[in-house]
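Next up, input.pdb (PDB, C-alpha atoms and all ligand atoms):
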ATOM      1  CA  MET A   1     -27.701  12.067  14.135  1.00  0.00           C
ATOM      2  CA  SER A   2     -24.642  14.002  15.173  1.00  0.00           C
ATOM      3  CA  ARG A   3     -21.331  12.315  15.699  1.00  0.00           C
ATOM      4  CA  GLN A   4     -20.178  11.470  19.218  1.00  0.00           C
ATOM      5  CA  LEU A   5     -16.404  11.533  19.016  1.00  0.00           C
ATOM      6  CA  THR A   6     -14.424   9.120  21.143  1.00  0.00           C
ATOM      7  CA  PRO A   7     -11.555  10.533  23.236  1.00  0.00           C
ATOM      8  CA  TYR A   8      -9.126   8.941  20.785  1.00  0.00           C
ATOM      9  CA  GLU A   9     -10.834  10.622  17.845  1.00  0.00           C
ATOM     10  CA  LYS A  10     -10.767  13.983  19.634  1.00  0.00           C
ATOM     11  CA  ASN A  11      -7.064  13.566  20.312  1.00  0.00           C
ATOM     12  CA  PHE A  12      -6.359  12.704  16.701  1.00  0.00           C
ATOM     13  CA  LEU A  13      -8.407  15.577  15.305  1.00  0.00           C
ATOM     14  CA  THR A  14      -6.919  18.088  17.729  1.00  0.00           C
ATOM     15  CA  ARG A  15      -3.412  16.921  16.942  1.00  0.00           C
ATOM     16  CA  HIS A  16      -4.130  17.487  13.275  1.00  0.00           C
ATOM     17  CA  ASN A  17      -5.650  20.963  13.702  1.00  0.00           C
ATOM     18  CA  PHE A  18      -9.284  20.152  13.038  1.00  0.00           C
ATOM     19  CA  ASP A  19     -11.576  23.146  13.382  1.00  0.00           C
ATOM     20  CA  PHE A  20     -14.294  21.994  15.810  1.00  0.00           C
ATOM     21  CA  SER A  21     -16.321  25.192  15.583  1.00  0.00           C
ATOM     22  CA  ASN A  22     -19.705  24.867  13.919  1.00  0.00           C
ATOM     23  CA  THR A  23     -19.085  21.592  12.269  1.00  0.00           C
ATOM     24  CA  SER A  24     -21.472  18.748  12.178  1.00  0.00           C
ATOM     25  CA  ILE A  25     -19.528  15.605  11.496  1.00  0.00           C
ATOM     26  CA  PRO A  26     -21.214  12.837   9.509  1.00  0.00           C
ATOM     27  CA  THR A  27     -21.821   9.721  11.610  1.00  0.00           C
ATOM     28  CA  ASP A  28     -19.540   7.260   9.863  1.00  0.00           C
ATOM     29  CA  ILE A  29     -16.813   9.304   8.245  1.00  0.00           C
ATOM     30  CA  PRO A  30     -13.311   8.096   9.128  1.00  0.00           C
ATOM     31  CA  ILE A  31     -11.687  10.955  11.045  1.00  0.00           C
ATOM     32  CA  GLU A  32      -8.627  10.756   8.827  1.00  0.00           C
ATOM     33  CA  TYR A  33     -10.702  12.168   5.970  1.00  0.00           C
ATOM     34  CA  LEU A  34     -11.737  15.173   8.107  1.00  0.00           C
ATOM     35  CA  VAL A  35      -8.149  16.367   8.356  1.00  0.00           C
ATOM     36  CA  ASN A  36      -6.673  14.677   5.259  1.00  0.00           C
ATOM     37  CA  VAL A  37      -4.064  12.920   7.348  1.00  0.00           C
ATOM     38  CA  ALA A  38      -3.389   9.250   8.054  1.00  0.00           C
ATOM     39  CA  GLU A  39      -0.684   8.111  10.414  1.00  0.00           C
ATOM     40  CA  PHE A  40       1.471   5.270   9.105  1.00  0.00           C
ATOM     41  CA  ARG A  41       4.642   4.132  10.851  1.00  0.00           C
ATOM     42  CA  GLY A  42       4.619   7.363  12.819  1.00  0.00           C
ATOM     43  CA  LEU A  43       4.485   9.515   9.692  1.00  0.00           C
ATOM     44  CA  ASN A  44       1.659  11.785   8.608  1.00  0.00           C
ATOM     45  CA  PHE A  45       0.559  10.988   5.077  1.00  0.00           C
ATOM     46  CA  TYR A  46      -1.749  13.244   3.092  1.00  0.00           C
ATOM     47  CA  ILE A  47      -4.836  11.265   2.110  1.00  0.00           C
ATOM     48  CA  ASP A  48      -8.292  11.981   0.771  1.00  0.00           C
ATOM     49  CA  GLN A  49     -11.219   9.905  -0.411  1.00  0.00           C
ATOM     50  CA  ASN A  50      -9.316   8.915  -3.535  1.00  0.00           C
ATOM     51  CA  THR A  51      -7.079   6.745  -1.402  1.00  0.00           C
ATOM     52  CA  LEU A  52      -7.595   4.074   1.190  1.00  0.00           C
ATOM     53  CA  ILE A  53      -6.568   4.925   4.741  1.00  0.00           C
ATOM     54  CA  PRO A  54      -3.492   2.782   5.309  1.00  0.00           C
ATOM     55  CA  ARG A  55      -4.107   0.044   7.897  1.00  0.00           C
ATOM     56  CA  ILE A  56      -1.886  -0.839  10.798  1.00  0.00           C
ATOM     57  CA  GLU A  57      -1.334  -4.365   9.368  1.00  0.00           C
ATOM     58  CA  THR A  58       0.250  -2.868   6.269  1.00  0.00           C
ATOM     59  CA  GLU A  59       3.086  -1.349   8.297  1.00  0.00           C
ATOM     60  CA  GLN A  60       4.537  -4.865   8.520  1.00  0.00           C
ATOM     61  CA  LEU A  61       4.778  -5.061   4.727  1.00  0.00           C
ATOM     62  CA  VAL A  62       7.415  -2.314   4.918  1.00  0.00           C
ATOM     63  CA  ASP A  63       9.412  -4.314   7.486  1.00  0.00           C
ATOM     64  CA  LEU A  64       9.194  -7.431   5.322  1.00  0.00           C
ATOM     65  CA  ALA A  65      10.338  -5.499   2.263  1.00  0.00           C
ATOM     66  CA  LEU A  66      13.240  -3.917   4.120  1.00  0.00           C
ATOM     67  CA  GLU A  67      14.334  -7.268   5.540  1.00  0.00           C
ATOM     68  CA  ASN A  68      14.080  -8.765   2.054  1.00  0.00           C
ATOM     69  CA  ILE A  69      16.335  -6.074   0.595  1.00  0.00           C
ATOM     70  CA  LEU A  70      18.880  -6.243   3.406  1.00  0.00           C
ATOM     71  CA  THR A  71      19.073 -10.036   3.036  1.00  0.00           C
ATOM     72  CA  ASN A  72      19.069 -10.415  -0.738  1.00  0.00           C
ATOM     73  CA  PHE A  73      20.747  -7.311  -2.119  1.00  0.00           C
ATOM     74  CA  LYS A  74      23.480  -6.496   0.349  1.00  0.00           C
ATOM     75  CA  ASN A  75      26.040  -5.664  -2.296  1.00  0.00           C
ATOM     76  CA  LYS A  76      23.840  -4.366  -5.068  1.00  0.00           C
ATOM     77  CA  GLU A  77      24.589  -0.835  -6.170  1.00  0.00           C
ATOM     78  CA  LYS A  78      21.012   0.256  -6.734  1.00  0.00           C
ATOM     79  CA  ILE A  79      17.795  -1.509  -5.719  1.00  0.00           C
ATOM     80  CA  VAL A  80      14.947  -1.204  -8.211  1.00  0.00           C
ATOM     81  CA  ILE A  81      11.508  -1.483  -6.653  1.00  0.00           C
ATOM     82  CA  ALA A  82       7.888  -1.265  -7.802  1.00  0.00           C
ATOM     83  CA  ASP A  83       4.967  -0.383  -5.554  1.00  0.00           C
ATOM     84  CA  LEU A  84       1.822  -1.362  -7.451  1.00  0.00           C
ATOM     85  CA  CYS A  85      -1.659  -0.109  -6.457  1.00  0.00           C
ATOM     86  CA  THR A  86       0.169   2.403  -4.338  1.00  0.00           C
ATOM     87  CA  GLY A  87      -2.744   4.629  -3.259  1.00  0.00           C
ATOM     88  CA  SER A  88      -1.293   7.263  -0.932  1.00  0.00           C
ATOM     89  CA  GLY A  89       2.174   5.821  -1.516  1.00  0.00           C
ATOM     90  CA  SER A  90       2.569   4.965   2.147  1.00  0.00           C
ATOM     91  CA  ILE A  91       4.279   1.573   1.615  1.00  0.00           C
ATOM     92  CA  GLY A  92       6.801   2.561  -1.038  1.00  0.00           C
ATOM     93  CA  ILE A  93       7.561   5.909   0.581  1.00  0.00           C
ATOM     94  CA  SER A  94       8.130   4.335   4.004  1.00  0.00           C
ATOM     95  CA  LEU A  95      10.444   1.791   2.392  1.00  0.00           C
ATOM     96  CA  ALA A  96      12.283   4.512   0.465  1.00  0.00           C
ATOM     97  CA  LEU A  97      12.783   6.413   3.725  1.00  0.00           C
ATOM     98  CA  GLU A  98      14.211   3.310   5.410  1.00  0.00           C
ATOM     99  CA  LEU A  99      16.628   2.794   2.509  1.00  0.00           C
ATOM    100  CA  ALA A 100      17.628   6.461   2.404  1.00  0.00           C
ATOM    101  CA  LYS A 101      18.317   6.326   6.143  1.00  0.00           C
ATOM    102  CA  ARG A 102      20.771   3.467   5.522  1.00  0.00           C
ATOM    103  CA  ASN A 103      22.365   5.131   2.492  1.00  0.00           C
ATOM    104  CA  ILE A 104      21.106   2.360   0.230  1.00  0.00           C
ATOM    105  CA  ASP A 105      20.637   3.626  -3.302  1.00  0.00           C
ATOM    106  CA  PHE A 106      17.275   2.867  -4.874  1.00  0.00           C
ATOM    107  CA  HIS A 107      14.891   3.647  -7.687  1.00  0.00           C
ATOM    108  CA  ILE A 108      11.221   3.169  -7.003  1.00  0.00           C
ATOM    109  CA  TYR A 109       8.302   3.048  -9.426  1.00  0.00           C
ATOM    110  CA  PHE A 110       4.898   3.912  -8.007  1.00  0.00           C
ATOM    111  CA  SER A 111       1.781   3.036  -9.937  1.00  0.00           C
ATOM    112  CA  ASP A 112      -1.955   3.217  -9.522  1.00  0.00           C
ATOM    113  CA  ILE A 113      -4.961   2.838 -11.793  1.00  0.00           C
ATOM    114  CA  SER A 114      -6.361   6.016 -10.224  1.00  0.00           C
ATOM    115  CA  LYS A 115      -4.668   9.193 -11.433  1.00  0.00           C
ATOM    116  CA  ASP A 116      -6.002  11.042  -8.391  1.00  0.00           C
ATOM    117  CA  ALA A 117      -4.433   8.501  -6.044  1.00  0.00           C
ATOM    118  CA  LEU A 118      -1.128   8.585  -7.933  1.00  0.00           C
ATOM    119  CA  ASP A 119      -1.022  12.390  -7.632  1.00  0.00           C
ATOM    120  CA  ILE A 120      -1.389  11.973  -3.878  1.00  0.00           C
ATOM    121  CA  ALA A 121       1.452   9.437  -3.765  1.00  0.00           C
ATOM    122  CA  LYS A 122       3.597  11.922  -5.661  1.00  0.00           C
ATOM    123  CA  LYS A 123       2.701  14.742  -3.301  1.00  0.00           C
ATOM    124  CA  ASN A 124       3.616  12.545  -0.317  1.00  0.00           C
ATOM    125  CA  TYR A 125       6.878  11.461  -1.905  1.00  0.00           C
ATOM    126  CA  TYR A 126       7.900  15.104  -2.562  1.00  0.00           C
ATOM    127  CA  ASN A 127       7.002  15.910   1.006  1.00  0.00           C
ATOM    128  CA  PHE A 128       9.050  13.147   2.615  1.00  0.00           C
ATOM    129  CA  LEU A 129      11.915  12.738   0.152  1.00  0.00           C
ATOM    130  CA  PRO A 130      12.379  16.089  -1.595  1.00  0.00           C
ATOM    131  CA  LYS A 131      16.045  15.393  -2.290  1.00  0.00           C
ATOM    132  CA  LYS A 132      15.343  11.932  -3.707  1.00  0.00           C
ATOM    133  CA  ILE A 133      12.761  12.900  -6.289  1.00  0.00           C
ATOM    134  CA  ALA A 134      15.028  11.751  -9.117  1.00  0.00           C
ATOM    135  CA  ASN A 135      14.839   8.261  -7.610  1.00  0.00           C
ATOM    136  CA  ALA A 136      11.134   7.831  -8.274  1.00  0.00           C
ATOM    137  CA  ASN A 137       8.771   7.398 -11.207  1.00  0.00           C
ATOM    138  CA  PHE A 138       5.014   7.666 -11.044  1.00  0.00           C
ATOM    139  CA  ILE A 139       3.199   5.617 -13.663  1.00  0.00           C
ATOM    140  CA  HIS A 140      -0.537   5.937 -14.150  1.00  0.00           C
ATOM    141  CA  SER A 141      -1.305   2.341 -14.977  1.00  0.00           C
ATOM    142  CA  ASP A 142      -3.572  -0.625 -14.508  1.00  0.00           C
ATOM    143  CA  LEU A 143      -0.941  -2.843 -12.842  1.00  0.00           C
ATOM    144  CA  PHE A 144       2.006  -3.186 -15.289  1.00  0.00           C
ATOM    145  CA  ASN A 145       0.098  -2.174 -18.446  1.00  0.00           C
ATOM    146  CA  ASN A 146       1.850   1.179 -18.995  1.00  0.00           C
ATOM    147  CA  PHE A 147       5.268   0.136 -17.690  1.00  0.00           C
ATOM    148  CA  PRO A 148       8.249   0.274 -20.046  1.00  0.00           C
ATOM    149  CA  LYS A 149       8.962  -3.294 -21.163  1.00  0.00           C
ATOM    150  CA  ASP A 150      12.668  -3.335 -20.295  1.00  0.00           C
ATOM    151  CA  LEU A 151      12.362  -2.901 -16.524  1.00  0.00           C
ATOM    152  CA  ASN A 152      13.725  -5.524 -14.156  1.00  0.00           C
ATOM    153  CA  PHE A 153      12.608  -5.100 -10.563  1.00  0.00           C
ATOM    154  CA  ASP A 154      14.598  -6.471  -7.670  1.00  0.00           C
ATOM    155  CA  LEU A 155      11.485  -6.342  -5.516  1.00  0.00           C
ATOM    156  CA  ILE A 156       7.802  -5.798  -6.256  1.00  0.00           C
ATOM    157  CA  ILE A 157       5.497  -4.837  -3.418  1.00  0.00           C
ATOM    158  CA  SER A 158       1.774  -4.286  -3.455  1.00  0.00           C
ATOM    159  CA  ASN A 159      -1.283  -3.895  -1.321  1.00  0.00           C
ATOM    160  CA  PRO A 160      -3.807  -4.439  -4.106  1.00  0.00           C
ATOM    161  CA  PRO A 161      -7.592  -4.406  -3.737  1.00  0.00           C
ATOM    162  CA  TYR A 162      -8.276  -7.824  -2.207  1.00  0.00           C
ATOM    163  CA  VAL A 163     -11.617  -7.786  -0.421  1.00  0.00           C
ATOM    164  CA  PRO A 164     -13.770 -10.620  -1.822  1.00  0.00           C
ATOM    165  CA  ASN A 165     -16.458  -8.969  -3.934  1.00  0.00           C
ATOM    166  CA  GLU A 166     -19.202 -10.820  -2.063  1.00  0.00           C
ATOM    167  CA  ARG A 167     -18.057  -9.213   1.220  1.00  0.00           C
ATOM    168  CA  ILE A 168     -18.103  -5.574   0.040  1.00  0.00           C
ATOM    169  CA  ALA A 169     -21.783  -5.068   0.966  1.00  0.00           C
ATOM    170  CA  SER A 170     -21.164  -6.162   4.537  1.00  0.00           C
ATOM    171  CA  LEU A 171     -18.143  -3.919   5.186  1.00  0.00           C
ATOM    172  CA  GLN A 172     -18.540  -1.286   7.906  1.00  0.00           C
ATOM    173  CA  ASN A 173     -20.236   1.929   6.756  1.00  0.00           C
ATOM    174  CA  SER A 174     -17.084   3.909   7.505  1.00  0.00           C
ATOM    175  CA  VAL A 175     -15.301   1.762   4.941  1.00  0.00           C
ATOM    176  CA  LYS A 176     -17.897   1.140   2.246  1.00  0.00           C
ATOM    177  CA  ASN A 177     -19.432   4.628   2.271  1.00  0.00           C
ATOM    178  CA  TYR A 178     -16.213   6.621   2.394  1.00  0.00           C
ATOM    179  CA  GLU A 179     -13.193   4.702   1.186  1.00  0.00           C
ATOM    180  CA  PRO A 180     -12.683   4.099  -2.544  1.00  0.00           C
ATOM    181  CA  ILE A 181     -14.308   0.802  -3.526  1.00  0.00           C
ATOM    182  CA  LEU A 182     -11.808   0.640  -6.390  1.00  0.00           C
ATOM    183  CA  ALA A 183      -9.071   0.204  -3.771  1.00  0.00           C
ATOM    184  CA  LEU A 184     -10.949  -2.566  -1.956  1.00  0.00           C
ATOM    185  CA  ASP A 185     -12.826  -4.740  -4.440  1.00  0.00           C
ATOM    186  CA  GLY A 186     -10.644  -7.686  -5.380  1.00  0.00           C
ATOM    187  CA  GLY A 187     -13.293  -9.385  -7.526  1.00  0.00           C
ATOM    188  CA  LYS A 188     -14.335 -12.988  -7.014  1.00  0.00           C
ATOM    189  CA  ASP A 189     -12.672 -14.370  -3.854  1.00  0.00           C
ATOM    190  CA  GLY A 190     -10.678 -11.128  -3.686  1.00  0.00           C
ATOM    191  CA  THR A 191      -7.875 -12.766  -5.641  1.00  0.00           C
ATOM    192  CA  GLU A 192      -8.454 -11.408  -9.158  1.00  0.00           C
ATOM    193  CA  ILE A 193      -5.946  -8.558  -8.954  1.00  0.00           C
ATOM    194  CA  ILE A 194      -3.445 -10.554  -6.912  1.00  0.00           C
ATOM    195  CA  ASN A 195      -3.480 -13.254  -9.595  1.00  0.00           C
ATOM    196  CA  LYS A 196      -3.119 -10.704 -12.408  1.00  0.00           C
ATOM    197  CA  ILE A 197      -0.020  -9.304 -10.709  1.00  0.00           C
ATOM    198  CA  ILE A 198       1.504 -12.761 -10.243  1.00  0.00           C
ATOM    199  CA  LEU A 199       0.885 -13.686 -13.869  1.00  0.00           C
ATOM    200  CA  GLN A 200       2.867 -10.657 -15.053  1.00  0.00           C
ATOM    201  CA  LEU A 201       5.816 -10.974 -12.652  1.00  0.00           C
ATOM    202  CA  PRO A 202       8.059 -12.958 -15.036  1.00  0.00           C
ATOM    203  CA  LYS A 203       7.865 -10.108 -17.572  1.00  0.00           C
ATOM    204  CA  PHE A 204       9.259  -7.625 -15.060  1.00  0.00           C
ATOM    205  CA  GLN A 205      11.553  -9.747 -12.918  1.00  0.00           C
ATOM    206  CA  LYS A 206      14.463 -11.938 -13.969  1.00  0.00           C
ATOM    207  CA  LYS A 207      14.325 -13.327 -10.437  1.00  0.00           C
ATOM    208  CA  ILE A 208      10.867 -13.408  -8.902  1.00  0.00           C
ATOM    209  CA  ASN A 209      10.830 -11.534  -5.623  1.00  0.00           C
ATOM    210  CA  CYS A 210       7.485 -10.165  -4.585  1.00  0.00           C
ATOM    211  CA  LEU A 211       5.533  -9.325  -1.444  1.00  0.00           C
ATOM    212  CA  ILE A 212       1.766  -8.859  -1.664  1.00  0.00           C
ATOM    213  CA  GLU A 213      -0.783  -8.093   1.022  1.00  0.00           C
ATOM    214  CA  ILE A 214      -3.706 -10.519   0.935  1.00  0.00           C
ATOM    215  CA  ASP A 215      -7.014 -11.140   2.691  1.00  0.00           C
ATOM    216  CA  ASP A 216      -7.107 -13.463   5.681  1.00  0.00           C
ATOM    217  CA  SER A 217      -9.555 -15.695   3.791  1.00  0.00           C
ATOM    218  CA  HIS A 218      -6.986 -16.370   1.079  1.00  0.00           C
ATOM    219  CA  ASN A 219      -4.926 -19.516   0.837  1.00  0.00           C
ATOM    220  CA  LEU A 220      -2.593 -21.037  -1.681  1.00  0.00           C
ATOM    221  CA  ASP A 221      -5.410 -22.907  -3.420  1.00  0.00           C
ATOM    222  CA  LYS A 222      -6.961 -19.609  -4.502  1.00  0.00           C
ATOM    223  CA  ILE A 223      -3.732 -17.897  -5.484  1.00  0.00           C
ATOM    224  CA  LYS A 224      -1.989 -18.846  -8.730  1.00  0.00           C
ATOM    225  CA  SER A 225       1.520 -19.043  -7.378  1.00  0.00           C
ATOM    226  CA  GLU A 226       2.615 -22.569  -8.283  1.00  0.00           C
ATOM    227  CA  GLY A 227       6.327 -22.824  -8.933  1.00  0.00           C
ATOM    228  CA  LEU A 228       7.143 -19.508  -7.281  1.00  0.00           C
ATOM    229  CA  ASN A 229       7.874 -20.864  -3.790  1.00  0.00           C
ATOM    230  CA  PRO A 230       4.860 -19.158  -2.246  1.00  0.00           C
ATOM    231  CA  SER A 231       4.658 -18.641   1.476  1.00  0.00           C
ATOM    232  CA  LEU A 232       2.047 -16.972   3.620  1.00  0.00           C
ATOM    233  CA  ILE A 233       3.071 -14.646   6.426  1.00  0.00           C
ATOM    234  CA  LYS A 234       0.830 -13.766   9.358  1.00  0.00           C
ATOM    235  CA  ASP A 235       0.189 -10.249  10.645  1.00  0.00           C
ATOM    236  CA  GLN A 236       0.328  -9.163  14.286  1.00  0.00           C
ATOM    237  CA  PHE A 237      -3.269 -10.334  14.734  1.00  0.00           C
ATOM    238  CA  GLY A 238      -2.266 -13.887  13.873  1.00  0.00           C
ATOM    239  CA  VAL A 239      -3.976 -14.216  10.491  1.00  0.00           C
ATOM    240  CA  ASN A 240      -2.514 -14.744   7.032  1.00  0.00           C
ATOM    241  CA  ARG A 241      -1.880 -11.290   5.603  1.00  0.00           C
ATOM    242  CA  PHE A 242       1.075 -11.415   3.228  1.00  0.00           C
ATOM    243  CA  LEU A 243       2.166 -13.564   0.328  1.00  0.00           C
ATOM    244  CA  SER A 244       5.845 -13.922  -0.450  1.00  0.00           C
ATOM    245  CA  LEU A 245       7.041 -15.220  -3.818  1.00  0.00           C
ATOM    246  CA  PHE A 246      10.672 -15.928  -4.498  1.00  0.00           C
ATOM    247  CA  LEU A 247      12.315 -17.713  -7.393  1.00  0.00           C
ATOM    248  CA  LEU A 248      15.931 -17.379  -8.382  1.00  0.00           C
TER     249      LEU A 248
HETATM  250  N1  LIG B   1      -7.559  -4.319   4.776  1.00  0.00           N
HETATM  251  C1  LIG B   1      -8.499  -3.538   4.052  1.00  0.00           C
HETATM  252  C2  LIG B   1      -9.884  -3.706   4.643  1.00  0.00           C
HETATM  253  O1  LIG B   1     -10.190  -4.742   5.171  1.00  0.00           O
HETATM  254  C3  LIG B   1      -8.514  -3.913   2.603  1.00  0.00           C
HETATM  255  C4  LIG B   1      -7.314  -3.433   1.928  1.00  0.00           C
HETATM  256  C5  LIG B   1      -7.243  -3.865   0.508  1.00  0.00           C
HETATM  257  O2  LIG B   1      -8.178  -4.336  -0.145  1.00  0.00           O
HETATM  258  N2  LIG B   1      -6.105  -3.726   0.005  1.00  0.00           N
HETATM  259  O3  LIG B   1     -10.692  -2.805   4.623  1.00  0.00           O
END
What would the structure in this file look like if it were written as structure tokens?
Ligand code: GLN
Amino acid sequence: MSRQLTPYEKNFLTRHNFDFSNTSIPTDIPIEYLVNVAEFRGLNFYIDQNTLIPRIETEQLVDLALENILTNFKNKEKIVIADLCTGSGSIGISLALELAKRNIDFHIYFSDISKDALDIAKKNYYNFLPKKIANANFIHSDLFNNFPKDLNFDLIISNPPYVPNERIASLQNSVKNYEPILALDGGKDGTEIINKIILQLPKFQKKINCLIEIDDSHNLDKIKSEGLNPSLIKDQFGVNRFLSLFLL
């Protein structure tokens, strides 16, 4: 069956120079993968099937992180940040751009378990912040495993895989047949990776300060955040989407 493009999809593809001649487009493929572009906070990120297509909800994570930095580190000389499970790098790069715009000095560590995804994050970072390349490190790592032990992050941000394993089979075809399952599957309840991150925070933060995107089915009973002043933050669709942890 050939693909009937919606007007919105045609607009998007035209804007991103898709060659419509002689192409039969698979029924369920996300159009972003046809042109290797995803729009995030008005920016065009390079993406391919090694990375998730950043979702609109995730844009808010950048605002939360920026607000967090402006509130907590007003007078700090350099803000040290980690973006774990970075994928295309869209969160950390957008945050870095916001900081650069305000002349706030930063160093940001990007990591991903997928080397292919990390290479894409790097490519995007070079594209958006060519003059700030010395301010970033790219660590191929399963969460913190390959991080130098002496790092102390002011803020850790992450949009880890968090879809409950039992829900993967019922995801839309455009998601489950095209996007990397590695970036989606959060194990039992979808909290396995979130909990692994939380468990390691004290090794990499003298003061816990962390923002994580979560599934709307998650609650504080499923997340191992006792003692870290956890709070859940809703997205623009009114469901729990972010977890904030903060301990001085
Ligand atoms: N929000 C994504 C989805 O529902 C999942 C993103 C993630 O697991 N980090 O497809």
Interatomic distance (Å, one decimal) between atom CA of Ile25 of chain A and atom CA of Val37 of chain A:
16.2 Å
Determine, for each residue of chain A having at least one atom at most 10 Å from an atom of ligand LIG 1 (chain B), the closest pair of atoms and their separation in Å to one decimal, counting all atoms listed in the file; order by chain and ascending number, as a tab-separated table.
residue	atom	partner	partner_atom	distance
A:Leu52	CA	B:LIG1	C4	7.5
A:Ile53	CA	B:LIG1	C1	8.7
A:Pro54	CA	B:LIG1	C4	8.0
A:Arg55	CA	B:LIG1	N1	6.4
A:Ile56	CA	B:LIG1	N1	9.0
A:Glu57	CA	B:LIG1	N1	7.7
A:Thr58	CA	B:LIG1	N1	8.1
A:Cys85	CA	B:LIG1	N2	8.6
A:Thr86	CA	B:LIG1	N2	9.8
A:Gly87	CA	B:LIG1	N2	9.6
A:Ser158	CA	B:LIG1	N2	8.6
A:Asn159	CA	B:LIG1	N2	5.0
A:Pro160	CA	B:LIG1	N2	4.8
A:Pro161	CA	B:LIG1	O2	3.6
A:Tyr162	CA	B:LIG1	O2	4.1
A:Val163	CA	B:LIG1	O2	4.9
A:Pro164	CA	B:LIG1	O2	8.6
A:Arg167	CA	B:LIG1	O1	9.9
A:Ile168	CA	B:LIG1	O3	9.1
A:Leu171	CA	B:LIG1	O3	7.6
A:Gln172	CA	B:LIG1	O3	8.6
A:Ser174	CA	B:LIG1	O3	9.7
A:Val175	CA	B:LIG1	O3	6.5
A:Lys176	CA	B:LIG1	O3	8.6
A:Glu179	CA	B:LIG1	O3	8.6
A:Pro180	CA	B:LIG1	O2	9.9
A:Ile181	CA	B:LIG1	O2	8.7
A:Leu182	CA	B:LIG1	O2	8.8
A:Ala183	CA	B:LIG1	O2	5.9
A:Leu184	CA	B:LIG1	O2	3.8
A:Asp185	CA	B:LIG1	O2	6.3
A:Gly186	CA	B:LIG1	O2	6.7
A:Gly190	CA	B:LIG1	O2	8.1
A:Ile212	CA	B:LIG1	N2	9.5
A:Glu213	CA	B:LIG1	N2	7.0
A:Ile214	CA	B:LIG1	N2	7.3
A:Asp215	CA	B:LIG1	N1	7.2
A:Asp216	CA	B:LIG1	N1	9.2
A:Arg241	CA	B:LIG1	N1	9.0
Counting only C-alpha atoms, which residue out of A:Asp28, A:Asp63, A:Asp119, A:Glu39 sits closest to His16 of chain A?
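For His16 of chain A, the nearest of the given residues is A:Glu39.
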Name the closest residue to Thr51 of chain A among the candidates A:Ile156, A:Leu97, A:Ala117, A:Leu232; distances are taken between atoms, counting all atoms listed in the file.
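Smallest separation from Thr51 of chain A among the options: A:Ala117.
Here atom CA of Tyr178 of chain A and atom CA of Leu95 of chain A stand 27.1 Å from one another.
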Could you spell out the hits of the PyMOL selection byres (((chain A and resi 230) around 9) and not hetatm) on the shown file, as a list in words?
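With the PyMOL selection byres (((chain A and resi 230) around 9) and not hetatm) on this model, the match is Leu220, Ser225, Glu226, Gly227, Leu228, Asn229, Ser231, Leu232, Leu243, Ser244, Leu245 and Phe246 of chain A.
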Counting only C-alpha atoms, the residue of A:Leu155, A:Ala121, A:Leu34, A:Ile93 that sits nearest Lys207 of chain A:
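Of A:Leu155, A:Ala121, A:Leu34, A:Ile93, the one nearest Lys207 of chain A, counting only C-alpha atoms, is A:Leu155.
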Any chance you could resolve the PyMOL selection byres (((chain A and resi 199) around 12) and not hetatm) against this file and give the residues as an NGL selection string?
:A and (143-144 or 192-198 or 200-205 or 208 or 210 or 223-228 or 245)
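Residues with any atom within 7 Å of the point (-10.5, -19.5, -4.3), counting only C-alpha atoms, are Asp189, Asp221 and Lys222 of chain A.
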Would you mind exporting the chosen residues as a PDB file, in the coordinates of the input, restricted to C-alpha atoms?
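Saved the output as out_29.pdb:
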ATOM      1  CA  ASP A 189     -12.672 -14.370  -3.854  1.00  0.00           C
ATOM      2  CA  ASP A 221      -5.410 -22.907  -3.420  1.00  0.00           C
ATOM      3  CA  LYS A 222      -6.961 -19.609  -4.502  1.00  0.00           C
TER       4      LYS A 222
END
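Atom CA of Tyr125 of chain A sits 10.3 Å away from atom CA of Asn137 of chain A.
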I'd like the contact shell of Arg102 of chain A - 12 Å cut-off, only C-alpha atoms, skipping same-chain residues fewer than 6 positions apart - returned as a PyMOL selection string.
chain A and resi 66+69-70+74+95-96
Write a file of the selected residues as a compact mmCIF listing (two decimals), keeping the file's coordinate frame, keeping C-alpha atoms.
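Result file is out.txt:
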# COMPACT_ATOMS: atom_id res chain seq x y z
CA LEU A 66 13.24 -3.92 4.12
CA ILE A 69 16.34 -6.07 0.60
CA LEU A 70 18.88 -6.24 3.41
CA LYS A 74 23.48 -6.50 0.35
CA LEU A 95 10.44 1.79 2.39
CA ALA A 96 12.28 4.51 0.46
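Using all atoms listed in the file, the nearest neighbour of Leu13 of chain A within the list A:Asn36, A:Asn173, A:Asn219, A:Gln60 is A:Asn36.
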Need the shell around Ile120 of chain A: protein/DNA/RNA residues with any atom at most 12 Å away, counting all atoms listed in the file. Skip same-chain ones fewer than 3 positions apart. Format as a ChimeraX atom specification?
/A:36-37,45-52,86-90,93,110-112,114-117,123-127,138,140
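Minimum atom-to-atom distance to Ala82 of chain A, evaluated using only C-alpha atoms, belongs to A:Asn152 out of A:Asn152, A:Ser94, A:Ser2, A:Thr27.
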Pick out the closest residue to Ile233 of chain A from this set: A:Thr23, A:Asn146, A:Leu64, A:Arg41. Count all atoms listed in the file.
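Smallest separation from Ile233 of chain A among the options: A:Leu64.
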